[in-house]
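Student: This is the structure I have questions about; it appears just below.
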Amino acid sequence: MAQKATIIVFSGDLDKVVAGFILATSAASMGMEVSMFFTFWGLNVLKKEGGLKKSKGLMRRILNIMNRGDMNRLPLSKFDMFGIGRWLMKKLMKESKIPTVEEMMTMAKSMNIKIIACTTTLGFMGIAKEDLIPEVDALAGAATYLDNAKDSNVNLFI
Amino acid sequence: MAQKATIIVFSGDLDKVVAGFILATSAASMGMEVSMFFTFWGLNVLKKEGGLKKSKGLMRRILNIMNRGDMNRLPLSKFDMFGIGRWLMKKLMKESKIPTVEEMMTMAKSMNIKIIACTTTLGFMGIAKEDLIPEVDALAGAATYLDNAKDSNVNLFI
Amino acid sequence: MAQKATIIVFSGDLDKVVAGFILATSAASMGMEVSMFFTFWGLNVLKKEGGLKKSKGLMRRILNIMNRGDMNRLPLSKFDMFGIGRWLMKKLMKESKIPTVEEMMTMAKSMNIKIIACTTTLGFMGIAKEDLIPEVDALAGAATYLDNAKDSNVNLFI
């Protein structure tokens, strides 16, 4: 039986998302079955560029204006300073030949890493299925995550 | 033997605490034995409304003024903006029929989820047993947590 | 076969680092084989006092000025307020006889806890081997971490 790893990507911060993808792709390259479960701010990684298609009520519109962004526009958890920090980190990653989040997503998909979006948080944040990038394999809830995690060797919450 | 899950709730942020309770109650509803270990800022979830009974020295008083709050007054990890963000999130959770933290705690207790408060951090933060809500099952240290975690299928640090 | 625990220290915040060391030393004192894998901001714990020896390009210099610090100068994740919060927390920890990070590192080493620095993040942050404290046992990547974690009872991402 293959060894397994699951990663919950709760954070939408560039540095944490990059850590998640490095761990996920490393695990997959070692032959592990890997799934990444994106929830809360981590859903920003899965949002299409250009904002949500439909707005559903004033409060969700406000949330989505504050929480705008996609995999190419994630803030840094520290020293972001209105974008200077993330710009700096992207530059340094590029110089060190670390793939971008977009490239990591492509790698992840080619390695059969399952990309899952959390239904519960999609719902209350007002993000619809059509707002998500096609790389998403499934929408699922905590039960699906746990069913997977209980047989996994490594489970991380990022 | 029942499958087990442990969740360390280090964070006292509303969004992370909600994620912790959703995972914990989902695991319990799947028949897993679940314990939640609250430590550091996560202890705010377990504090009674209205602040601490006794103050123990100036520095602890300062800490507890800065770190005031209970399960109904947790800030958001992002976009809190002096309370606007948390207000917005609570509204959206309610609209989506996601239980409040208070309701999740009641659910957790009815599902036999163990609610544990970390003795070490209680001590240095100056929080006494009588400052905690009655839902707390035990005060315990890292050794108790680890003893539990080493036989668990899923261990998360939130 | 000994039971094992791994802790990824992604955060460089005093409170999270302390939580990591308390868990690690407790696990070791229970006879578990423990490794701590420091990455991203967590690398600050492993940096020698006094800043990096060589600077490598303007952008890394800027990053390292923003991200200066060592195990004795870690900020708090909340209420840091330009150093007041961390000063307060250190005072309270001392009063409660909780060891400092420096003392915890010494304890960890005496308990055979493996201290590992992440090569990938060292590289892009421009931190060289000679910038690290001698307590570091190895520089290694995600594959080494995962190889360890897949046989461990407890894996946490802090």
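Letters for chains follow the order of the structure tokens (A, B, ...), residue numbers begin at 1 for each chain, and ligand numbers begin at 1 in the order shown.
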So that I can check the surroundings of Asn72 (chain B), please list as a list in words every protein, DNA and RNA residue that reaches within 12 Å of it, counting only C-alpha atoms and ignoring chain neighbours fewer than 2 positions away.

Tutor: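 The filter keeps Gly12, Asp13, Leu14, Val17, Val18, Asn44, Val45, Leu46, Lys47, Lys48, Glu49, Gly50, Arg68, Gly69, Asp70, Leu74, Pro75, Leu76, Gly83, Arg86, Trp87, Lys90, Thr100, Val101, Glu102, Glu103, Met104 and Met105 of chain B.
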
Student: Sort by chain and increasing residue number a table of all residues of chain B within 8 Å of chain C, each with its closest pair of atoms and their distance in Å to one decimal, counting only C-alpha atoms, and write it as JSON lines.

Tutor:
```
{"residue": "B:Phe40", "atom": "CA", "partner": "C:Asp15", "partner_atom": "CA", "distance": 7.7}
{"residue": "B:Met59", "atom": "CA", "partner": "C:Leu88", "partner_atom": "CA", "distance": 6.7}
{"residue": "B:Arg60", "atom": "CA", "partner": "C:Leu92", "partner_atom": "CA", "distance": 7.5}
{"residue": "B:Leu63", "atom": "CA", "partner": "C:Leu88", "partner_atom": "CA", "distance": 7.6}
{"residue": "B:Met66", "atom": "CA", "partner": "C:Phe79", "partner_atom": "CA", "distance": 7.2}
{"residue": "B:Gly123", "atom": "CA", "partner": "C:Ser96", "partner_atom": "CA", "distance": 6.9}
{"residue": "B:Phe124", "atom": "CA", "partner": "C:Ser96", "partner_atom": "CA", "distance": 5.5}
{"residue": "B:Met125", "atom": "CA", "partner": "C:Leu92", "partner_atom": "CA", "distance": 7.3}
{"residue": "B:Ala142", "atom": "CA", "partner": "C:Leu23", "partner_atom": "CA", "distance": 6.0}
{"residue": "B:Ala143", "atom": "CA", "partner": "C:Ser26", "partner_atom": "CA", "distance": 5.9}
{"residue": "B:Leu146", "atom": "CA", "partner": "C:Ala27", "partner_atom": "CA", "distance": 6.6}
{"residue": "B:Ala149", "atom": "CA", "partner": "C:Val154", "partner_atom": "CA", "distance": 6.3}
{"residue": "B:Lys150", "atom": "CA", "partner": "C:Asn153", "partner_atom": "CA", "distance": 4.9}
{"residue": "B:Asp151", "atom": "CA", "partner": "C:Asn153", "partner_atom": "CA", "distance": 6.9}
{"residue": "B:Ser152", "atom": "CA", "partner": "C:Asn153", "partner_atom": "CA", "distance": 7.6}
{"residue": "B:Asn155", "atom": "CA", "partner": "C:Val154", "partner_atom": "CA", "distance": 6.6}
{"residue": "B:Leu156", "atom": "CA", "partner": "C:Leu156", "partner_atom": "CA", "distance": 6.3}
{"residue": "B:Phe157", "atom": "CA", "partner": "C:Leu156", "partner_atom": "CA", "distance": 5.9}
{"residue": "B:Ile158", "atom": "CA", "partner": "C:Ile158", "partner_atom": "CA", "distance": 7.9}
```

Student: Among region 11-149 of chain B, which ones does DSSP assign to strand (DSSP E) (computed from the backbone)? Answer as a count of residues only.

Tutor: 14

Student: Pick from C:Ile65, C:Ala117, C:Val34, C:Val136: nearest to Thr6 (chain C), with only C-alpha atoms counted?

Tutor: C:Val34

Student: Can you tell me how far CA of Thr121 (chain A) sits from CA of Ser110 (chain B), in Å to one decimal?

Tutor: 24.0 Å

Student: Please, what distance in Å, to one decimal, runs between CA of Asn67 (chain A) and CA of Gly141 (chain A)?

Tutor: 21.4 Å

Student: Grab the CA of Gly42 (chain B) to CA of Val9 (chain A) distance for me, in Å with one decimal place.

Tutor: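 Calculated distance between CA of Gly42 (chain B) and CA of Val9 (chain A) is 19.6 Å.
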
Student: Taking only C-alpha atoms into account, which of A:Lys56, A:Lys129, A:Arg73, A:Lys114 comes nearest Tyr145 (chain A)?

Tutor: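 Once distances to Tyr145 (chain A) are computed over only C-alpha atoms, the minimum belongs to A:Lys114.
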